[in-house]
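Structure file work18.tsv (TSV, C-alpha atoms) follows.
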```
chain	number	residue	atom	x	y	z
A	385	MET	CA	-28.70	44.54	-196.24
A	386	PHE	CA	-32.22	43.24	-195.73
A	387	PRO	CA	-33.18	45.63	-192.89
A	388	THR	CA	-32.12	48.68	-194.96
A	389	LEU	CA	-34.22	47.45	-197.93
A	390	ARG	CA	-37.19	47.10	-195.63
A	391	LEU	CA	-36.63	50.56	-194.25
A	392	CYS	CA	-36.47	52.03	-197.77
A	393	ALA	CA	-39.71	50.31	-198.74
A	394	LYS	CA	-41.32	51.58	-195.58
A	395	LYS	CA	-40.20	55.14	-196.32
A	396	LEU	CA	-41.48	54.87	-199.86
A	397	LEU	CA	-44.81	53.63	-198.64
A	398	LEU	CA	-44.90	56.35	-196.06
A	399	GLY	CA	-44.16	58.97	-198.70
A	400	ARG	CA	-46.79	57.78	-201.14
A	401	ILE	CA	-49.59	57.18	-198.66
A	402	PRO	CA	-49.56	59.97	-196.15
A	403	PRO	CA	-51.16	58.99	-192.84
A	404	ALA	CA	-54.76	60.13	-192.81
A	405	LYS	CA	-55.74	62.42	-189.95
A	406	PHE	CA	-59.50	62.14	-189.59
A	407	PRO	CA	-60.96	65.17	-187.81
A	408	PHE	CA	-62.65	63.39	-184.94
A	409	PRO	CA	-65.01	65.69	-182.94
A	410	LYS	CA	-64.09	66.38	-179.35
A	411	PRO	CA	-65.87	64.07	-176.89
A	412	LEU	CA	-68.90	65.58	-175.11
A	413	ASP	CA	-68.77	66.42	-171.43
A	414	PRO	CA	-69.92	63.45	-169.41
A	415	PRO	CA	-73.23	63.83	-167.51
A	416	LYS	CA	-72.84	65.31	-164.03
A	417	ALA	CA	-74.70	62.47	-162.37
A	418	LYS	CA	-74.66	58.74	-162.92
A	419	ASP	CA	-78.46	58.40	-163.35
A	420	VAL	CA	-79.45	60.94	-165.98
A	421	THR	CA	-83.15	60.05	-166.01
A	422	ARG	CA	-83.46	60.79	-162.33
A	423	CYS	CA	-81.98	64.27	-162.93
A	424	ILE	CA	-84.42	64.97	-165.75
A	425	GLU	CA	-87.37	63.79	-163.63
A	426	ALA	CA	-86.25	66.02	-160.77
A	427	LEU	CA	-86.09	68.92	-163.24
A	428	HIS	CA	-89.65	68.20	-164.40
A	429	VAL	CA	-90.91	67.94	-160.83
A	430	SER	CA	-89.32	71.25	-159.81
A	431	GLN	CA	-90.84	72.85	-162.93
A	432	LEU	CA	-94.27	71.50	-162.02
A	433	GLU	CA	-94.00	72.64	-158.43
A	434	THR	CA	-93.33	76.20	-159.52
A	435	GLU	CA	-95.69	76.39	-162.52
A	436	ASN	CA	-98.59	74.09	-161.67
A	437	LYS	CA	-101.09	75.20	-159.03
A	438	ASN	CA	-102.13	71.64	-158.20
A	439	ALA	CA	-98.68	70.77	-156.92
A	440	ARG	CA	-99.06	72.32	-153.45
A	441	MET	CA	-102.41	70.61	-152.99
A	442	PHE	CA	-100.86	67.16	-152.92
A	443	ALA	CA	-97.31	67.87	-151.77
A	444	LYS	CA	-96.36	65.66	-148.84
A	445	ASN	CA	-94.55	68.48	-147.03
A	446	ASN	CA	-97.58	70.80	-147.12
A	447	PRO	CA	-99.46	70.70	-143.78
A	448	ASP	CA	-102.62	71.97	-145.53
A	449	ARG	CA	-102.53	69.31	-148.24
A	450	ILE	CA	-105.59	67.42	-149.43
A	451	ARG	CA	-106.01	64.13	-147.62
A	452	PRO	CA	-107.97	61.02	-148.64
A	453	GLY	CA	-111.62	61.38	-147.75
A	454	ALA	CA	-111.86	64.88	-149.22
A	455	VAL	CA	-114.47	65.70	-151.83
A	456	LEU	CA	-112.88	67.07	-155.00
A	457	MET	CA	-114.18	68.20	-158.37
A	458	VAL	CA	-111.87	67.79	-161.34
A	459	ARG	CA	-112.58	69.97	-164.40
A	460	SER	CA	-110.85	68.59	-167.47
A	461	TYR	CA	-110.83	69.68	-171.07
A	462	VAL	CA	-112.88	67.49	-173.36
A	463	ASN	CA	-110.99	68.07	-176.62
A	464	GLY	CA	-107.56	69.19	-175.50
A	465	SER	CA	-106.69	72.52	-173.91
A	466	LYS	CA	-107.30	74.51	-177.12
A	467	ASP	CA	-111.04	73.81	-176.87
A	468	PRO	CA	-112.31	75.64	-173.76
A	469	ARG	CA	-115.14	73.15	-173.13
A	470	THR	CA	-114.72	71.25	-169.91
A	471	THR	CA	-116.34	68.30	-168.25
A	472	SER	CA	-116.39	67.82	-164.51
A	473	PHE	CA	-116.19	64.78	-162.29
A	474	ALA	CA	-116.60	65.05	-158.54
A	475	GLY	CA	-116.17	62.46	-155.87
A	476	TYR	CA	-114.58	61.30	-152.66
A	477	LEU	CA	-110.81	61.13	-152.85
A	478	MET	CA	-109.87	57.49	-152.35
A	479	LYS	CA	-106.18	57.55	-153.10
A	480	ILE	CA	-103.30	59.88	-153.98
A	481	ARG	CA	-100.76	58.03	-156.04
A	482	ARG	CA	-97.54	60.02	-155.75
A	483	ARG	CA	-95.26	59.33	-158.71
A	484	GLY	CA	-93.67	62.70	-159.44
A	485	PRO	CA	-94.96	64.11	-162.74
A	486	GLN	CA	-97.39	61.18	-163.05
A	487	THR	CA	-99.07	61.81	-159.70
A	488	SER	CA	-102.70	60.74	-159.91
A	489	ILE	CA	-105.83	60.77	-157.76
A	490	LEU	CA	-108.71	58.35	-157.57
A	491	LEU	CA	-112.23	59.73	-157.05
A	492	ARG	CA	-115.37	57.74	-156.36
A	493	ASN	CA	-118.97	58.89	-156.70
A	494	LYS	CA	-122.46	57.48	-157.09
A	495	ILE	CA	-124.04	58.70	-160.33
A	496	LEU	CA	-127.61	57.63	-161.05
A	497	ASP	CA	-127.46	54.45	-158.93
A	498	THR	CA	-124.06	53.34	-160.31
A	499	TYR	CA	-120.77	53.78	-158.49
A	500	VAL	CA	-118.16	55.30	-160.75
A	501	GLU	CA	-114.46	55.57	-160.04
A	502	ALA	CA	-112.26	57.89	-162.06
A	503	GLY	CA	-108.53	58.43	-161.98
A	504	PHE	CA	-106.95	61.74	-163.02
A	505	LYS	CA	-103.36	62.69	-163.57
A	506	VAL	CA	-102.92	65.79	-161.42
A	507	PHE	CA	-100.25	67.47	-163.55
A	508	SER	CA	-101.86	66.71	-166.89
A	509	PRO	CA	-102.42	69.83	-169.03
A	510	SER	CA	-105.90	68.52	-169.82
A	511	VAL	CA	-106.87	68.95	-166.15
A	512	LYS	CA	-108.05	72.54	-165.97
A	513	GLU	CA	-108.61	72.80	-162.22
A	514	ILE	CA	-109.23	70.74	-159.10
A	515	LEU	CA	-111.77	72.29	-156.73
A	516	VAL	CA	-111.92	71.26	-153.09
A	517	ILE	CA	-115.60	70.90	-152.29
A	518	ASN	CA	-114.99	69.53	-148.82
A	519	GLN	CA	-111.76	68.97	-146.91
A	520	ASN	CA	-113.27	65.89	-145.30
A	521	GLY	CA	-116.40	64.39	-146.79
A	522	LEU	CA	-116.49	61.33	-144.52
A	523	GLY	CA	-117.18	63.02	-141.19
A	524	LYS	CA	-114.46	61.12	-139.38
A	525	ARG	CA	-110.81	61.41	-140.42
A	526	PRO	CA	-110.07	58.24	-142.38
A	527	ARG	CA	-107.28	56.18	-140.87
A	528	ARG	CA	-106.11	54.91	-144.24
A	529	ALA	CA	-104.24	56.33	-147.20
A	530	TYR	CA	-106.14	54.16	-149.66
A	531	LEU	CA	-109.86	54.03	-148.90
A	532	SER	CA	-110.61	50.83	-150.79
A	533	TYR	CA	-113.11	49.86	-148.07
A	534	LEU	CA	-115.54	52.41	-149.60
A	535	ARG	CA	-116.22	49.78	-152.28
A	536	LYS	CA	-117.90	47.49	-149.75
A	537	PRO	CA	-121.69	47.89	-149.47
A	538	LYS	CA	-121.39	48.58	-145.73
A	539	PHE	CA	-119.34	51.72	-146.39
A	540	HIS	CA	-121.17	52.93	-149.51
A	541	LEU	CA	-121.44	56.71	-149.50
A	542	PRO	CA	-124.22	58.84	-150.94
A	543	SER	CA	-123.76	60.94	-154.04
A	544	VAL	CA	-121.62	64.04	-153.77
A	545	THR	CA	-124.15	66.21	-155.66
A	546	PRO	CA	-125.78	67.91	-152.63
A	547	MET	CA	-122.31	68.89	-151.33
A	548	ILE	CA	-121.47	70.42	-154.70
A	549	LYS	CA	-124.75	72.30	-154.77
A	550	ASP	CA	-124.05	73.74	-151.30
A	551	TYR	CA	-120.49	74.65	-152.30
A	552	PHE	CA	-121.55	76.62	-155.38
A	553	GLU	CA	-124.48	78.20	-153.53
A	554	SER	CA	-122.13	79.40	-150.79
A	555	ILE	CA	-119.79	80.81	-153.42
A	556	ASP	CA	-122.66	82.66	-155.10
A	557	SER	CA	-123.95	83.99	-151.80
A	558	SER	CA	-120.50	85.23	-150.78
A	559	LYS	CA	-120.13	86.85	-154.20
A	560	SER	CA	-123.48	88.63	-153.87
A	561	LYS	CA	-122.49	89.76	-150.37
A	562	THR	CA	-119.25	91.29	-151.65
A	563	ASP	CA	-121.14	92.91	-154.55
A	564	ALA	CA	-123.74	94.35	-152.16
B	659	MET	CA	-113.49	43.48	-170.79
B	660	ILE	CA	-116.64	41.76	-171.95
B	661	ALA	CA	-116.16	38.34	-173.48
B	662	LEU	CA	-118.10	35.16	-174.11
B	663	LYS	CA	-120.35	34.22	-171.15
B	664	ALA	CA	-120.23	37.70	-169.61
B	665	LEU	CA	-123.49	38.78	-167.98
B	666	LEU	CA	-124.44	42.39	-168.58
B	667	LYS	CA	-127.18	44.51	-167.16
B	668	VAL	CA	-129.52	45.85	-169.85
B	669	ILE	CA	-130.27	49.48	-169.07
B	670	ASP	CA	-132.89	50.41	-171.65
B	671	ASN	CA	-136.66	50.03	-171.58
B	672	THR	CA	-136.90	47.05	-173.94
B	673	GLY	CA	-137.85	44.77	-171.06
B	674	ALA	CA	-134.63	42.77	-170.87
B	675	ILE	CA	-132.95	42.78	-167.46
B	676	THR	CA	-129.75	40.79	-167.98
B	677	ALA	CA	-128.10	39.58	-171.16
B	678	GLU	CA	-125.27	37.13	-171.75
B	679	CYS	CA	-122.60	37.92	-174.31
B	680	ILE	CA	-122.11	35.19	-176.88
B	681	GLN	CA	-119.98	36.99	-179.42
B	682	VAL	CA	-117.77	40.05	-179.54
B	683	LEU	CA	-118.11	41.82	-182.89
B	684	ARG	CA	-114.59	43.11	-183.17
B	685	ALA	CA	-111.17	41.69	-183.78
B	686	GLY	CA	-110.10	40.20	-180.48
B	687	LYS	CA	-111.69	38.46	-177.52
B	688	PHE	CA	-112.85	41.40	-175.42
B	689	ALA	CA	-115.39	44.15	-175.85
B	690	SER	CA	-115.06	47.50	-174.14
B	691	VAL	CA	-117.33	50.52	-173.95
B	692	GLY	CA	-118.82	51.38	-177.34
B	693	ASP	CA	-118.19	47.94	-178.85
B	694	GLU	CA	-120.97	45.90	-180.37
B	695	ILE	CA	-121.68	42.40	-179.07
B	696	VAL	CA	-124.23	39.68	-179.71
B	697	VAL	CA	-126.26	38.78	-176.62
B	698	VAL	CA	-128.82	36.27	-175.47
B	699	VAL	CA	-131.47	37.69	-173.19
B	700	HIS	CA	-131.06	35.97	-169.83
B	701	LYS	CA	-133.87	37.57	-167.89
B	702	ALA	CA	-136.70	39.74	-169.14
B	703	LYS	CA	-139.71	41.49	-167.72
B	704	SER	CA	-142.92	39.66	-168.55
B	705	ASN	CA	-144.94	42.69	-169.70
B	706	ILE	CA	-143.85	46.17	-170.70
B	707	GLY	CA	-145.83	49.39	-170.41
B	708	SER	CA	-145.01	51.25	-173.66
B	709	SER	CA	-146.25	49.64	-176.87
B	710	ASN	CA	-143.88	51.28	-179.33
B	711	VAL	CA	-140.88	49.40	-177.91
B	712	THR	CA	-139.78	45.97	-179.19
B	713	LYS	CA	-140.95	43.31	-176.73
B	714	VAL	CA	-137.94	41.30	-175.78
B	715	LYS	CA	-138.22	37.68	-174.64
B	716	ARG	CA	-135.93	35.42	-172.68
B	717	GLY	CA	-133.60	33.36	-174.86
B	718	GLU	CA	-133.76	35.65	-177.87
B	719	LEU	CA	-130.63	36.85	-179.66
B	720	TYR	CA	-129.97	40.54	-180.03
B	721	ARG	CA	-127.12	42.86	-180.77
B	722	ALA	CA	-126.02	45.20	-178.00
B	723	ILE	CA	-123.59	48.03	-177.38
B	724	VAL	CA	-121.53	47.88	-174.20
B	725	VAL	CA	-121.97	51.14	-172.27
B	726	ARG	CA	-120.37	50.44	-168.87
B	727	THR	CA	-117.59	48.10	-167.84
B	728	ARG	CA	-115.98	47.17	-164.58
B	729	TYR	CA	-112.67	47.04	-166.39
B	730	PRO	CA	-111.34	50.61	-166.56
B	731	VAL	CA	-111.73	52.55	-169.77
B	732	LYS	CA	-108.57	54.53	-170.50
B	733	ARG	CA	-108.68	58.00	-171.96
B	734	PRO	CA	-106.00	59.62	-174.13
B	735	ASP	CA	-105.14	62.22	-171.47
B	736	GLY	CA	-104.17	59.51	-168.97
B	737	SER	CA	-107.40	59.55	-166.99
B	738	TRP	CA	-109.58	56.47	-166.68
B	739	LEU	CA	-113.06	55.47	-165.69
B	740	ARG	CA	-114.41	52.39	-163.94
B	741	PHE	CA	-118.03	51.49	-163.21
B	742	SER	CA	-119.39	49.17	-160.54
B	743	ASP	CA	-121.13	46.95	-163.11
B	744	ASN	CA	-121.18	45.91	-166.76
B	745	ALA	CA	-124.10	47.28	-168.74
B	746	CYS	CA	-125.33	47.25	-172.31
B	747	VAL	CA	-128.09	48.66	-174.48
B	748	LEU	CA	-129.88	46.47	-177.04
B	749	VAL	CA	-129.52	47.70	-180.61
B	750	ASP	CA	-130.52	46.66	-184.11
B	751	LYS	CA	-128.24	45.92	-187.06
B	752	ASN	CA	-127.79	49.64	-187.74
B	753	ARG	CA	-126.58	50.26	-184.18
B	754	GLU	CA	-129.77	52.13	-183.32
B	755	PRO	CA	-131.21	51.42	-179.87
B	756	LEU	CA	-134.26	49.18	-179.72
B	757	GLY	CA	-135.57	50.99	-176.66
B	758	THR	CA	-136.62	54.61	-176.31
B	759	ARG	CA	-135.03	55.37	-172.95
B	760	ILE	CA	-131.80	54.55	-171.20
B	761	LEU	CA	-131.89	54.21	-167.43
B	762	GLY	CA	-128.46	55.02	-166.07
B	763	VAL	CA	-125.06	56.56	-166.72
B	764	ILE	CA	-123.11	55.86	-169.86
B	765	ALA	CA	-119.43	56.29	-170.63
B	766	ARG	CA	-118.49	59.17	-172.90
B	767	GLU	CA	-116.70	56.78	-175.27
B	768	THR	CA	-120.06	55.98	-176.89
B	769	ARG	CA	-120.08	59.48	-178.36
B	770	ASP	CA	-116.63	58.93	-179.84
B	771	LYS	CA	-117.79	55.74	-181.50
B	772	LYS	CA	-120.49	57.65	-183.42
B	773	LEU	CA	-123.44	56.14	-181.56
B	774	LEU	CA	-125.27	59.43	-181.67
B	775	LYS	CA	-128.83	58.12	-181.31
B	776	LEU	CA	-127.80	56.20	-178.20
B	777	VAL	CA	-126.02	59.25	-176.77
B	778	SER	CA	-129.04	61.47	-177.41
B	779	ILE	CA	-131.34	59.34	-175.24
B	780	ALA	CA	-128.79	58.80	-172.47
B	781	PRO	CA	-129.63	60.68	-169.24
B	782	LYS	CA	-126.00	61.26	-168.30
B	783	LEU	CA	-122.58	60.79	-169.85
B	784	VAL	CA	-119.50	60.46	-167.68
```

Give the structure from this file in structure tokens form.
Amino acid sequence: MFPTLRLCAKKLLLGRIPPAKFPFPKPLDPPKAKDVTRCIEALHVSQLETENKNARMFAKNNPDRIRPGAVLMVRSYVNGSKDPRTTSFAGYLMKIRRRGPQTSILLRNKILDTYVEAGFKVFSPSVKEILVINQNGLGKRPRRAYLSYLRKPKFHLPSVTPMIKDYFESIDSSKSKTDA
Amino acid sequence: MIALKALLKVIDNTGAITAECIQVLRAGKFASVGDEIVVVVHKAKSNIGSSNVTKVKRGELYRAIVVRTRYPVKRPDGSWLRFSDNACVLVDKNREPLGTRILGVIARETRDKKLLKLVSIAPKLV
């Protein structure tokens, strides 16, 4: 007697309140790899290696890559890449900090009796170009990846300005030769 | 990162050689490039050639603008700049330089901070 009553009540309830079927969206496909950020970084790096011309200069697997001790000139936009005005900083390459898209270089130069060190992010869009003034500005191949010893007075180097002058003069002379 | 007791090189032709920071005129403890500080002249040249420049004496209080720091100055594009010394230029209350010449490099941040008179007499901006 009691079970049938219960069943009737249940049926009544079921009739009055139909079960709601919420349209849940289908679950997304899971990511292919466990570490998604690593995949995205790899994507960025591959993009940079194909699009950015500075990538080959510092790639570890390039036998003609720039090594510490080189003299580089970095031309960077002053007010963002929309404004064509650039400023340049040249110096001895002290360190290449390889961190994928955030790869940066450290240059050191003597400007008007003060030693100035500047770091530049190689793949930054504000870096217009990196010119190689000299593959090796130290004479001897440095036996270090990080030339922090250049900060000591014993290893102080002269300003890079005469090297830059020679570089641009040689470019001009070669240009005039080709024109002639 | 210039704070109280920091010794800075004075790179204008006022006659001061080194100055000690006694107050940083901004919210916070540290001054960077382009910030104004109050300094005491630590060492000064005894006589100066040009007569139109304020003669600065040892122990006197002046305002100064920091123009070079050993602590790196970060730029919005991710690049940064570090000098081998800390340097300042003595200024008056209107942030105009007391000297007529600046002897050395200056960070470009001084231009951003609207110190145009200072920037105009600087020999080189980095």

**OP:** Would you list the residues near (-108.0, 61.6, -151.2), meaning any protein, DNA or RNA residue with an atom at most 8 Å from that point in file coordinates, counting all atoms listed in the file, as a PyMOL selection string?
**Re:** chain A and resi 450-455+476-480+489-491+529-530

Can you list every residue of chain A that has an atom at most 10 Å from chain B, with its nearest atom pair and the distance in Å to one decimal, using all atoms listed in the file, ordered by chain then number, as JSON lines?
```
{"residue": "A:Ser460", "atom": "CA", "partner": "B:Asp735", "partner_atom": "CA", "distance": 9.4}
{"residue": "A:Tyr461", "atom": "CA", "partner": "B:Asp735", "partner_atom": "CA", "distance": 9.4}
{"residue": "A:Val462", "atom": "CA", "partner": "B:Asp735", "partner_atom": "CA", "distance": 9.6}
{"residue": "A:Asn463", "atom": "CA", "partner": "B:Asp735", "partner_atom": "CA", "distance": 9.7}
{"residue": "A:Gly464", "atom": "CA", "partner": "B:Asp735", "partner_atom": "CA", "distance": 8.4}
{"residue": "A:Thr471", "atom": "CA", "partner": "B:Val784", "partner_atom": "CA", "distance": 8.5}
{"residue": "A:Ser472", "atom": "CA", "partner": "B:Val784", "partner_atom": "CA", "distance": 8.6}
{"residue": "A:Phe473", "atom": "CA", "partner": "B:Val784", "partner_atom": "CA", "distance": 7.7}
{"residue": "A:Gln486", "atom": "CA", "partner": "B:Gly736", "partner_atom": "CA", "distance": 9.2}
{"residue": "A:Ser488", "atom": "CA", "partner": "B:Ser737", "partner_atom": "CA", "distance": 8.6}
{"residue": "A:Ile489", "atom": "CA", "partner": "B:Ser737", "partner_atom": "CA", "distance": 9.4}
{"residue": "A:Leu490", "atom": "CA", "partner": "B:Trp738", "partner_atom": "CA", "distance": 9.3}
{"residue": "A:Leu491", "atom": "CA", "partner": "B:Leu739", "partner_atom": "CA", "distance": 9.7}
{"residue": "A:Arg492", "atom": "CA", "partner": "B:Arg740", "partner_atom": "CA", "distance": 9.3}
{"residue": "A:Asn493", "atom": "CA", "partner": "B:Phe741", "partner_atom": "CA", "distance": 9.9}
{"residue": "A:Lys494", "atom": "CA", "partner": "B:Ser742", "partner_atom": "CA", "distance": 9.5}
{"residue": "A:Ile495", "atom": "CA", "partner": "B:Val763", "partner_atom": "CA", "distance": 6.8}
{"residue": "A:Leu496", "atom": "CA", "partner": "B:Gly762", "partner_atom": "CA", "distance": 5.7}
{"residue": "A:Asp497", "atom": "CA", "partner": "B:Gly762", "partner_atom": "CA", "distance": 7.2}
{"residue": "A:Thr498", "atom": "CA", "partner": "B:Ser742", "partner_atom": "CA", "distance": 6.3}
{"residue": "A:Tyr499", "atom": "CA", "partner": "B:Ser742", "partner_atom": "CA", "distance": 5.2}
{"residue": "A:Val500", "atom": "CA", "partner": "B:Phe741", "partner_atom": "CA", "distance": 4.5}
{"residue": "A:Glu501", "atom": "CA", "partner": "B:Arg740", "partner_atom": "CA", "distance": 5.0}
{"residue": "A:Ala502", "atom": "CA", "partner": "B:Leu739", "partner_atom": "CA", "distance": 4.4}
{"residue": "A:Gly503", "atom": "CA", "partner": "B:Trp738", "partner_atom": "CA", "distance": 5.2}
{"residue": "A:Phe504", "atom": "CA", "partner": "B:Ser737", "partner_atom": "CA", "distance": 4.6}
{"residue": "A:Lys505", "atom": "CA", "partner": "B:Ser737", "partner_atom": "CA", "distance": 6.2}
{"residue": "A:Val506", "atom": "CA", "partner": "B:Ser737", "partner_atom": "CA", "distance": 9.5}
{"residue": "A:Ser508", "atom": "CA", "partner": "B:Asp735", "partner_atom": "CA", "distance": 7.2}
{"residue": "A:Pro509", "atom": "CA", "partner": "B:Asp735", "partner_atom": "CA", "distance": 8.4}
{"residue": "A:Ser510", "atom": "CA", "partner": "B:Asp735", "partner_atom": "CA", "distance": 6.6}
{"residue": "A:Val511", "atom": "CA", "partner": "B:Asp735", "partner_atom": "CA", "distance": 8.8}
{"residue": "A:Arg535", "atom": "CA", "partner": "B:Ser742", "partner_atom": "CA", "distance": 8.9}
```

**OP:** Determine, counting only C-alpha atoms, which protein, DNA and RNA residues have an atom within 9 Å of an atom of B:Val714; residues of the same chain fewer than 6 positions away are not included. Present the result as a VMD selection string.
**Re:** chain B and resid 672 to 674 699 702 to 704

With only C-alpha atoms as the counted atoms, please give the residues lying no more than 8 Å from B:Ala661, apart from itself and same-chain residues fewer than 4 positions off, as an mmCIF file with C-alpha atoms, in the frame of the given file.
```cif
data_model
loop_
_atom_site.group_PDB
_atom_site.id
_atom_site.type_symbol
_atom_site.label_atom_id
_atom_site.label_comp_id
_atom_site.auth_asym_id
_atom_site.auth_seq_id
_atom_site.Cartn_x
_atom_site.Cartn_y
_atom_site.Cartn_z
ATOM 1 C CA CYS B 679 -122.600 37.920 -174.310
ATOM 2 C CA ILE B 680 -122.110 35.190 -176.880
ATOM 3 C CA GLN B 681 -119.980 36.990 -179.420
ATOM 4 C CA VAL B 682 -117.770 40.050 -179.540
ATOM 5 C CA LYS B 687 -111.690 38.460 -177.520
ATOM 6 C CA PHE B 688 -112.850 41.400 -175.420
ATOM 7 C CA ALA B 689 -115.390 44.150 -175.850
#
```

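Going from atom CA of B:Tyr729 to atom CA of B:Met659 covers 5.7 Å.
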
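When atom CA of A:Gly484 is paired with atom CA of A:Asp467, their separation reads 27.0 Å.
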
**OP:** Considering only C-alpha atoms, return as a PyMOL selection string whatever protein or nucleic-acid residues lie within 12 Å of B:Ala677, sequence-local ones (same chain, fewer than 5 positions apart) excluded.
**Re:** chain B and resi 660+662-670+672+695-702+714-724+744-748

**OP:** For atom CA of A:Asp550 and atom CA of A:Pro537, quote the distance in Å rounded to one decimal.
**Re:** 26.0 Å

Subject >> All residues 12 Å or closer to stretch 411-422 of chain A, all atoms listed in the file, same chain fewer than 6 positions away omitted, as an NGL selection string >> reply: :A and (428-429 or 484-485)

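The nearest approach to B:Asn752 among the residues B:Val691, B:Asn671, B:Ser778, B:Leu773, with all atoms listed in the file taken into account, belongs to B:Leu773.
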
**OP:** Show which residues sit within 9 Å of B:Glu754, as a PyMOL selection string. Count all atoms listed in the file, and ignore same-chain residues fewer than 3 positions away.
**Re:** chain B and resi 748-751+757+773-776

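The residue that comes closest to A:Lys437, out of A:Lys512, A:Cys423, A:Leu456, A:Lys466 and on the basis of only C-alpha atoms, is A:Lys512.
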